[in-house]
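K.L.:
Take this structure first; my questions come after.
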Amino acid sequence: MPEVVVSIGPHHPALKEPVNFKVVIEGEKIVRLELDLSYNHRGVEKAAEQRDFIRVLPLLERVCGICSHAHSTAFAKGIEEIMQLEVPPRAQYIRTIIAELERMHSHLLWLGVAAHVIGFNTLFMWTWRDREAVQDTVEEMSGNRVHYGMNEVGGVRRDLTPAQVTAALERLPNLEERIKKYVDMVNSEETMLIRFRGVGKLSKEEALRYGTVGPTARASGVDYDTRKDDPYLAYADVPWNVVTDTNGDVYGRTRVRIGELWESLKIVRYCLENLPEGPIRVTAPRNAPTGEILSRYEAPRGELAHFIRTNGTDKVERVDIRTPTLANWTSVAICLVNQNLADLPVIVAAIDPCLSCTSRITLLDSQTKKTGVMSFDELIRRNRSRDQGLVRP
Amino acid sequence: MTDPVSGLIYILIFPGFLFLFLYALFLAFLDRKIAARMQQRVGPPFFQPFADFIKMLGKEVIDPAGVDRVIFDAAPLVALAAVMTAYLYIPIVGNSPLAFQGDLVVVLYLMSLPTIVLFLLGWLSRNIFSAIGGIRSVTQLFIYEVPFFLALMTPALMAGTWSISEIVIWQQKNMWFVFLQPIGFIVALIGLQAKLERTPFDIPEAETEIVAGPWTELTGRRLAIMDLTVDVSFVVGSALIAAVFLGGPLMPWAVTPAWLAVVVGFFLFLAKTLAVLLILSSIKVATGRIRIDQLNDIGWKYIASASIVQVGIVLVMNYLWVYA
């Protein structure tokens with residue numbers, strides 16, 4: 001059978017975010033593929049350098065619509081470490097509660113998307129309904145469903161009232177029941193089993209070699225979770241387990257995420273029940289001393305790293321964000337070879353790609369149609385001479 | 001059928017095309033509503049399929065570059081005409097006046113045409129997604145068609161006739177085929193689900209892989225007609241299964257006077273097609289899409305074998321009991 005190139009994305013119903021795969025198929029089998037990233041450069045890192053620490057947190061929260069708390073916490077955590085601030089335990093606990101609720105809503109969302117790409121829309125509708133319970137809880141606590149705005153340098157902005165704590169605890173048993181149902185479904189639901197098992201296999205060695213993080217790595221048996229290996233917030237105090245799986249396929253990734261839903265629920269319950277008394281923030285100085293830090297955070301999709309360099313002013317000199325999706329992309333390209341075309345969406349979805357967070361910059365010369373990497377100086381030069389401005393693909 | 005006026009009324013109005021059109025849209029609504037309620041959604045209002053149909057008729061028709069317009073316009077109409085013709089041979093309110101020996105074969109043949117048309121549309125679209133979808137739909141056709149035909153022909157084998165109306169009469173005298181041939185009934189339901197390209201057999205139009213498969217380049221009235229074809233196929237398919245396996249519109253005893261028989265038959269038809277709809281909607285909601293290679297495995301290993309086993313059982317039953 002001759003080889004055919006199928007171009008999937010950047011506008012395609014399977015992928016709601018801008019990425020392009022040029023898939024070479026033979027019949028229904030994928031022979032190889034080309035990945036074209038970065039259709040959506042937003043200049044967040046550059047913009048972060050223009051704002052002081054109070055104003056930069058809302059900006060970083062908007063790096064991602066789903067793991068918004070992850071980005072602001074990772075940044076606040078790093079700056080606090082440079083400033084050598086002691087964040088009060090109550091603030092740490094509140095941050096943990098929000099972080100785990102965020103993980104729950106992210107994983108429920110993922111489960112829905114994974115079900116949708118295999119055409120199992122019932123599960124999609126169910127998980128998204130249950131996700132509402134989590135989002136309602138977060139809305140009660142923070143006033144917002146996605147961009148919570150809870151963090152500030154030195155603590156959190158809003159305290160939890162006893163009424164909010166009780167209301168949140170009341171929602172948990174129902175969620176617990178639903179998660180149990182999903183655990184049951186992933187192990188027994190026939191369509192999910194035949195579409196997930198053995199699809200997108202990634203061995204432990206490959207997972208390590210291609211630098212995967214988060215549930216993708218843990219599903220291949222890599223026991224790596226920043227929350228356990230480099231504890232931050234309240235994770236050191238809370239009893240919980242790292243969920244790993246040895247399947248290494250989409251089935252394993254589903255099991256890991258559902259297991260993490262369960263663990264997150266436990267963490268949220270523990271934190272709500274053992275919320276320490278005390279202040280919720282300390283006053284942070286205006287300026288940060290000169291320093292460099294790599295702040296790591298286990299976002300729902302895997303390890304998120306913020307590299308922060310300060311220079312003694314109230315702004316960062318440089319912030320570099322390495323999102324988990326970027327770390328996982330190469331593994332997708334490896335997984336896809338020799339798979340069925342029908343499995344492409346589910347393999348891509350299995351790393352839970354969050355593309356706008358990942359997109360940095362791509363260059364396309366409109367005359368020569370060449371893509372490439374642009375140096376920082378070149379970028380500045382082009383920016384100043386607008387007449388030959390950037391052309392976005 | 002001697003009287004031409006009543007014949008025309010039968011074909012065009014009731015229970016012919018006008019009723020078929022309305023009932024097809026109503027079943028499409030019910031299907032969507034049932035699925036929505038099972039998925040904890042609200043679902044559409046009852047006139048939604050009708051509104052969609054009217055709206056799509058009014059939309060601009062876009063011709064992809066290099067497409068043969070005449071064939072592209074004609075193909076959906078051919079599909080619709082085929083399934084509407086098939087409908088005329090199925091007993092709706094008592095036996096069909098157009099019935100003849102062999103109408104079962106004709107109906108099965110006409111019901112296969114929309115799939116062929118879909119393949120043709122996919123091929124004509126000059127679009128990679130449509131082409132893959134078209135190839136998939138015809139691959140799928142080869143998988144489900146054999147068991148589906150076998151399952152629907154085993155009742156004919158037992159009743160000793162190739163006419164759907166006579167199969168219904170045989171069931172009136174003896175017993176419904178769903179009890180005599182349960183395996184065949186299940187295979188026929190699965191085959192109908194596959195024929196209508198509903199989950200888990202929506203492989204040719206897998207939205208998340210190949211956009212809409214052969215449907216990708218259909219716009220405006222072409223899309224409206226093709227959508228209507230699927231809705232009409234649903235009515236024809238469920239009516240066929242109701243007639244062949246569930247005793248059709250006849251009560252087990254004779255109903256007099258004649259007008260009462262028509263009313264009773266009509267309500268029996270409604271009840272039985274709705275029952276088939278409920279089963280097919282439940283299958284749709286309870287499953288995800290399988291892959292074409294998995295369908296190939298399942299189809300030939302289990303579904304085809306099941307239908308062949310059913311044929312064997314029927315031959316033995318014929319020998320020992322029916323024609324003994």
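For the structure tokens, the naming scheme is as follows: chains receive sequential letters (A, B, ...) according to their order of presentation, residues are indexed from 1 within each chain, and ligands are indexed from 1 in presentation order.
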If you run DSSP on the backbone, which residues of region 62-301 of chain A are strand (DSSP E or B), as a list in words?
P.N.:
Asn151, Glu152, Gly155, Val156, Arg281, Gly291, Glu292, Ile293, Leu294, Ser295, Arg296, Tyr297, Glu298 and Ala299 of chain A
K.L.:
Could you pull the residues within 10 Å of Val134 (chain A), counting only C-alpha atoms, minus those fewer than 3 positions along the same chain, as an MDAnalysis selection string?
P.N.:
chainID A and resid 101:106 108 129:131 137:140 145 168 171:172 175
K.L.:
Could you list, as an mmCIF file with C-alpha atoms, in the first residue's frame, every residue within 12 Å of region 299-306 of chain B, counting only C-alpha atoms and ignoring same-chain residues fewer than 5 positions away?
P.N.:
data_model
loop_
_atom_site.group_PDB
_atom_site.id
_atom_site.type_symbol
_atom_site.label_atom_id
_atom_site.label_comp_id
_atom_site.auth_asym_id
_atom_site.auth_seq_id
_atom_site.Cartn_x
_atom_site.Cartn_y
_atom_site.Cartn_z
ATOM 1 C CA THR B 139 -14.141 -2.181 4.785
ATOM 2 C CA GLN B 140 -16.709 -2.162 7.536
ATOM 3 C CA LEU B 141 -19.420 -3.050 5.031
ATOM 4 C CA PHE B 142 -17.578 -6.250 4.167
ATOM 5 C CA ILE B 143 -17.364 -7.152 7.834
ATOM 6 C CA TYR B 144 -20.935 -6.656 9.045
ATOM 7 C CA GLU B 145 -22.870 -7.282 5.850
ATOM 8 C CA VAL B 146 -22.384 -11.062 5.767
ATOM 9 C CA PRO B 147 -23.613 -11.760 9.315
ATOM 10 C CA PHE B 148 -26.392 -9.179 8.915
ATOM 11 C CA PHE B 149 -27.671 -10.836 5.733
ATOM 12 C CA LEU B 150 -27.399 -14.312 7.235
ATOM 13 C CA ALA B 151 -29.225 -13.218 10.366
ATOM 14 C CA GLN B 181 -33.750 -17.470 16.707
ATOM 15 C CA PRO B 182 -32.361 -15.339 19.541
ATOM 16 C CA ILE B 183 -28.795 -15.477 18.206
ATOM 17 C CA GLY B 184 -29.933 -14.212 14.829
ATOM 18 C CA PHE B 185 -31.857 -11.396 16.488
ATOM 19 C CA ILE B 186 -28.782 -10.204 18.386
ATOM 20 C CA VAL B 187 -26.607 -10.425 15.274
ATOM 21 C CA ALA B 188 -29.206 -8.475 13.299
ATOM 22 C CA LEU B 189 -29.256 -5.714 15.926
ATOM 23 C CA ILE B 190 -25.461 -5.496 15.894
ATOM 24 C CA GLY B 191 -25.483 -5.476 12.110
ATOM 25 C CA ALA B 194 -22.980 -1.113 12.197
ATOM 26 C CA PHE B 201 -19.188 1.206 14.722
ATOM 27 C CA ILE B 290 -13.588 0.291 18.350
ATOM 28 C CA ARG B 291 -10.778 0.191 15.836
ATOM 29 C CA ILE B 292 -11.249 -1.168 12.345
ATOM 30 C CA ASP B 293 -8.791 -4.037 12.951
ATOM 31 C CA GLN B 294 -10.603 -4.927 16.172
ATOM 32 C CA VAL B 311 -28.237 -21.011 10.207
ATOM 33 C CA GLY B 312 -27.141 -24.494 11.275
ATOM 34 C CA ILE B 313 -29.577 -24.533 14.172
#
K.L.:
Record the distance separating CA of Ile11 (chain B) and CA of Lys272 (chain B), expressed in Å with one decimal.
P.N.:
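Straight-line distance from CA of Ile11 (chain B) to CA of Lys272 (chain B) works out to 21.5 Å.
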K.L.:
Quick one: of A:Ile194, A:Ala207, A:Val23, A:Val242, who's nearest to Ile298 (chain B), counting only C-alpha atoms?
P.N.:
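Using only C-alpha atoms, Ile298 (chain B) sits closest to A:Ile194.
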K.L.:
Counting only C-alpha atoms, which residues in chain A sit no more than 10 Å from chain B? For each one, give the nearest pair of atoms and the distance in Å, sorted by chain then residue number, as JSON lines.
P.N.:
{"residue": "A:Val4", "atom": "CA", "partner": "B:Ile128", "partner_atom": "CA", "distance": 8.5}
{"residue": "A:Val5", "atom": "CA", "partner": "B:Ile128", "partner_atom": "CA", "distance": 8.4}
{"residue": "A:Val6", "atom": "CA", "partner": "B:Ile128", "partner_atom": "CA", "distance": 6.7}
{"residue": "A:Ser7", "atom": "CA", "partner": "B:Ile128", "partner_atom": "CA", "distance": 8.7}
{"residue": "A:Ile8", "atom": "CA", "partner": "B:Glu209", "partner_atom": "CA", "distance": 8.3}
{"residue": "A:His12", "atom": "CA", "partner": "B:Val211", "partner_atom": "CA", "distance": 6.9}
{"residue": "A:Pro13", "atom": "CA", "partner": "B:Thr208", "partner_atom": "CA", "distance": 5.7}
{"residue": "A:Ala14", "atom": "CA", "partner": "B:Thr208", "partner_atom": "CA", "distance": 4.0}
{"residue": "A:Leu15", "atom": "CA", "partner": "B:Thr208", "partner_atom": "CA", "distance": 7.8}
{"residue": "A:Gly27", "atom": "CA", "partner": "B:Ile132", "partner_atom": "CA", "distance": 8.7}
{"residue": "A:Glu28", "atom": "CA", "partner": "B:Ile132", "partner_atom": "CA", "distance": 8.7}
{"residue": "A:Ala115", "atom": "CA", "partner": "B:Gly288", "partner_atom": "CA", "distance": 7.6}
{"residue": "A:His116", "atom": "CA", "partner": "B:Thr208", "partner_atom": "CA", "distance": 8.0}
{"residue": "A:Val117", "atom": "CA", "partner": "B:Thr208", "partner_atom": "CA", "distance": 5.5}
{"residue": "A:Ile118", "atom": "CA", "partner": "B:Arg289", "partner_atom": "CA", "distance": 5.5}
{"residue": "A:Gly119", "atom": "CA", "partner": "B:Gly288", "partner_atom": "CA", "distance": 4.7}
{"residue": "A:Phe120", "atom": "CA", "partner": "B:Gly288", "partner_atom": "CA", "distance": 3.7}
{"residue": "A:Asn121", "atom": "CA", "partner": "B:Gly288", "partner_atom": "CA", "distance": 7.2}
{"residue": "A:Thr122", "atom": "CA", "partner": "B:Gln39", "partner_atom": "CA", "distance": 5.2}
{"residue": "A:Leu123", "atom": "CA", "partner": "B:Gln39", "partner_atom": "CA", "distance": 7.9}
{"residue": "A:Phe124", "atom": "CA", "partner": "B:Gln39", "partner_atom": "CA", "distance": 8.7}
{"residue": "A:Met125", "atom": "CA", "partner": "B:Gln39", "partner_atom": "CA", "distance": 5.9}
{"residue": "A:Trp126", "atom": "CA", "partner": "B:Gln39", "partner_atom": "CA", "distance": 6.6}
{"residue": "A:Arg129", "atom": "CA", "partner": "B:Gln40", "partner_atom": "CA", "distance": 8.1}
{"residue": "A:Glu189", "atom": "CA", "partner": "B:Thr287", "partner_atom": "CA", "distance": 8.6}
{"residue": "A:Glu190", "atom": "CA", "partner": "B:Thr287", "partner_atom": "CA", "distance": 8.1}
{"residue": "A:Thr191", "atom": "CA", "partner": "B:Gly288", "partner_atom": "CA", "distance": 5.5}
{"residue": "A:Met192", "atom": "CA", "partner": "B:Gly288", "partner_atom": "CA", "distance": 7.2}
{"residue": "A:Ile194", "atom": "CA", "partner": "B:Ile290", "partner_atom": "CA", "distance": 7.7}
{"residue": "A:Arg195", "atom": "CA", "partner": "B:Ile290", "partner_atom": "CA", "distance": 6.8}
{"residue": "A:Asn340", "atom": "CA", "partner": "B:Arg291", "partner_atom": "CA", "distance": 8.4}
{"residue": "A:Leu341", "atom": "CA", "partner": "B:Glu209", "partner_atom": "CA", "distance": 7.4}
{"residue": "A:Ala342", "atom": "CA", "partner": "B:Glu209", "partner_atom": "CA", "distance": 6.1}
{"residue": "A:Asp343", "atom": "CA", "partner": "B:Arg291", "partner_atom": "CA", "distance": 8.1}
{"residue": "A:Leu344", "atom": "CA", "partner": "B:Glu209", "partner_atom": "CA", "distance": 7.4}
{"residue": "A:Pro345", "atom": "CA", "partner": "B:Glu209", "partner_atom": "CA", "distance": 6.4}
{"residue": "A:Val346", "atom": "CA", "partner": "B:Thr208", "partner_atom": "CA", "distance": 9.0}
K.L.:
Based on DSSP run over this structure's backbone, return all residues of region 18-242 of chain A in alpha helix (DSSP H), as a VMD selection string.
P.N.:
chain A and resid 44 to 49 53 to 61 68 to 83 89 to 117 121 to 142 162 to 188 190 to 196 204 to 209 214 to 219 226 to 229
K.L.:
Give me the residues near Val31 (chain A) as a PyMOL selection string, where near means some atom within 9 Å (using only C-alpha atoms) and where sequence neighbours in that chain fewer than 6 positions away do not count.
P.N.:
chain A and resi 3+23-25+336-339
K.L.:
Would you save the residues of that selection, restricted to N, CA and C atoms, as a PDB file, in the first residue's frame?
P.N.:
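Full text of again-v2.pdb as output:
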ATOM      1  N   GLU A   3       2.315   5.055   0.706  1.00  0.00           N
ATOM      2  CA  GLU A   3       2.286   5.897   1.901  1.00  0.00           C
ATOM      3  C   GLU A   3       1.475   7.158   1.625  1.00  0.00           C
ATOM      4  N   VAL A  23       1.369  13.045   9.646  1.00  0.00           N
ATOM      5  CA  VAL A  23       1.458  11.618   9.891  1.00  0.00           C
ATOM      6  C   VAL A  23       1.573  10.899   8.563  1.00  0.00           C
ATOM      7  N   VAL A  24       2.595  10.087   8.427  1.00  0.00           N
ATOM      8  CA  VAL A  24       2.729   9.276   7.222  1.00  0.00           C
ATOM      9  C   VAL A  24       2.134   7.920   7.539  1.00  0.00           C
ATOM     10  N   ILE A  25       1.066   7.547   6.827  1.00  0.00           N
ATOM     11  CA  ILE A  25       0.427   6.270   7.123  1.00  0.00           C
ATOM     12  C   ILE A  25       0.511   5.348   5.919  1.00  0.00           C
ATOM     13  N   LEU A 336       4.092   6.698  18.909  1.00  0.00           N
ATOM     14  CA  LEU A 336       3.145   6.648  17.797  1.00  0.00           C
ATOM     15  C   LEU A 336       3.591   5.754  16.651  1.00  0.00           C
ATOM     16  N   VAL A 337       4.887   5.556  16.515  1.00  0.00           N
ATOM     17  CA  VAL A 337       5.365   4.799  15.364  1.00  0.00           C
ATOM     18  C   VAL A 337       4.845   3.369  15.449  1.00  0.00           C
ATOM     19  N   ASN A 338       4.360   2.872  14.319  1.00  0.00           N
ATOM     20  CA  ASN A 338       3.802   1.521  14.205  1.00  0.00           C
ATOM     21  C   ASN A 338       2.469   1.339  14.889  1.00  0.00           C
ATOM     22  N   GLN A 339       1.848   2.428  15.309  1.00  0.00           N
ATOM     23  CA  GLN A 339       0.521   2.297  15.888  1.00  0.00           C
ATOM     24  C   GLN A 339      -0.511   2.529  14.797  1.00  0.00           C
TER      25      GLN A 339
END
K.L.:
Write out as a PyMOL selection string which residues come within 12 Å of Ala99 (chain B) when counting only C-alpha atoms, dropping same-chain ones fewer than 6 positions away.
P.N.:
chain B and resi 1+86-92+105-107+161-168
K.L.:
Okay, now the selection with C-alpha atoms, as a PDB file, in the first residue's frame?
P.N.:
ATOM      1  CA  MET B   1     -53.442  -3.056  -4.943  1.00  0.00           C
ATOM      2  CA  ALA B  86     -36.867  -0.177   0.706  1.00  0.00           C
ATOM      3  CA  TYR B  87     -39.416   1.164   3.176  1.00  0.00           C
ATOM      4  CA  LEU B  88     -42.341   0.448   0.839  1.00  0.00           C
ATOM      5  CA  TYR B  89     -41.830  -3.311   1.050  1.00  0.00           C
ATOM      6  CA  ILE B  90     -41.873  -3.489   4.822  1.00  0.00           C
ATOM      7  CA  PRO B  91     -45.189  -4.171   6.579  1.00  0.00           C
ATOM      8  CA  ILE B  92     -46.211  -1.091   8.552  1.00  0.00           C
ATOM      9  CA  VAL B 105     -33.494  -9.501  -0.756  1.00  0.00           C
ATOM     10  CA  VAL B 106     -34.436  -6.238  -2.447  1.00  0.00           C
ATOM     11  CA  VAL B 107     -34.764  -4.435   0.888  1.00  0.00           C
ATOM     12  CA  THR B 161     -40.514 -17.672   1.872  1.00  0.00           C
ATOM     13  CA  TRP B 162     -38.505 -14.668   0.643  1.00  0.00           C
ATOM     14  CA  SER B 163     -41.291 -12.191   1.286  1.00  0.00           C
ATOM     15  CA  ILE B 164     -41.198 -10.111   4.466  1.00  0.00           C
ATOM     16  CA  SER B 165     -45.000  -9.992   4.610  1.00  0.00           C
ATOM     17  CA  GLU B 166     -45.223 -13.784   4.450  1.00  0.00           C
ATOM     18  CA  ILE B 167     -42.586 -14.089   7.154  1.00  0.00           C
ATOM     19  CA  VAL B 168     -44.840 -11.891   9.307  1.00  0.00           C
TER      20      VAL B 168
END
K.L.:
Can you tell me which residues surround Ala288 (chain A) at a distance of at most 8 Å, considering only C-alpha atoms, apart from same-chain residues fewer than 3 positions away, and format the answer as a list in words?
P.N.:
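After dropping sequence-adjacent residues, the list is Ile79, Ile82, Met83, Pro285, Thr310, Asn311, Gly312, Thr313, Asp314 and Lys315 of chain A.
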K.L.:
Could the residues in this selection be saved with N, CA and C atoms as a CSV table (one decimal), in the first residue's frame?
P.N.:
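In the end it all went to again-v1.csv:
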chain,number,residue,atom,x,y,z
A,79,ILE,N,10.3,32.5,44.6
A,79,ILE,CA,10.7,33.9,45.1
A,79,ILE,C,10.8,33.9,46.6
A,82,ILE,N,14.1,32.7,47.6
A,82,ILE,CA,15.1,33.7,47.4
A,82,ILE,C,15.1,34.7,48.5
A,83,MET,N,13.9,35.1,48.9
A,83,MET,CA,13.7,36.1,49.9
A,83,MET,C,13.9,35.6,51.3
A,285,PRO,N,9.1,41.5,51.5
A,285,PRO,CA,9.8,42.7,51.1
A,285,PRO,C,9.5,43.0,49.6
A,310,THR,N,16.9,36.6,39.9
A,310,THR,CA,16.5,38.0,40.4
A,310,THR,C,17.8,38.8,40.5
A,311,ASN,N,17.6,40.1,40.5
A,311,ASN,CA,18.8,41.0,40.5
A,311,ASN,C,18.7,42.1,41.5
A,312,GLY,N,18.0,41.9,42.6
A,312,GLY,CA,17.9,42.9,43.6
A,312,GLY,C,16.9,43.9,43.4
A,313,THR,N,16.1,43.8,42.4
A,313,THR,CA,15.0,44.8,42.2
A,313,THR,C,13.7,44.1,42.5
A,314,ASP,N,12.6,44.8,42.2
A,314,ASP,CA,11.3,44.2,42.5
A,314,ASP,C,10.7,43.4,41.3
A,315,LYS,N,11.6,43.2,40.3
A,315,LYS,CA,11.2,42.4,39.1
A,315,LYS,C,12.2,41.3,38.9
K.L.:
For Pro64 (chain B), work out the shell of residues within 9 Å, counting only C-alpha atoms and skipping chain neighbours fewer than 6 positions away, then give it as number ranges by chain.
P.N.:
B: 125-127, 217
K.L.:
Can you work out the spacing between CA of Val348 (chain A) and CA of Val186 (chain A) in Å, to one decimal?
P.N.:
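One can read the CA of Val348 (chain A) to CA of Val186 (chain A) distance as 18.6 Å.
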K.L.:
Between B:Met56, B:Leu27, B:Leu8, B:Ala82, which has the minimum distance to Ala239 (chain B) (counting only C-alpha atoms)?
P.N.:
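Among B:Met56, B:Leu27, B:Leu8, B:Ala82, it is B:Leu27 that comes nearest to Ala239 (chain B).
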K.L.:
Nearest to Ile293 (chain A) among A:Ser203, A:Gln92, A:Gln84, A:Thr166, with distances taken over only C-alpha atoms: which residue is it?
P.N.:
A:Gln84
K.L.:
Which distance in Å separates CA of Ala234 (chain A) and CA of Arg90 (chain A), to one decimal?
P.N.:
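Those two atoms sit 9.2 Å apart.
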K.L.:
Taking only C-alpha atoms into account, name the residue in A:Asp184, A:Asp377, A:Glu81, A:Asp159 that is nearest to Ile97 (chain A).
P.N.:
A:Asp159
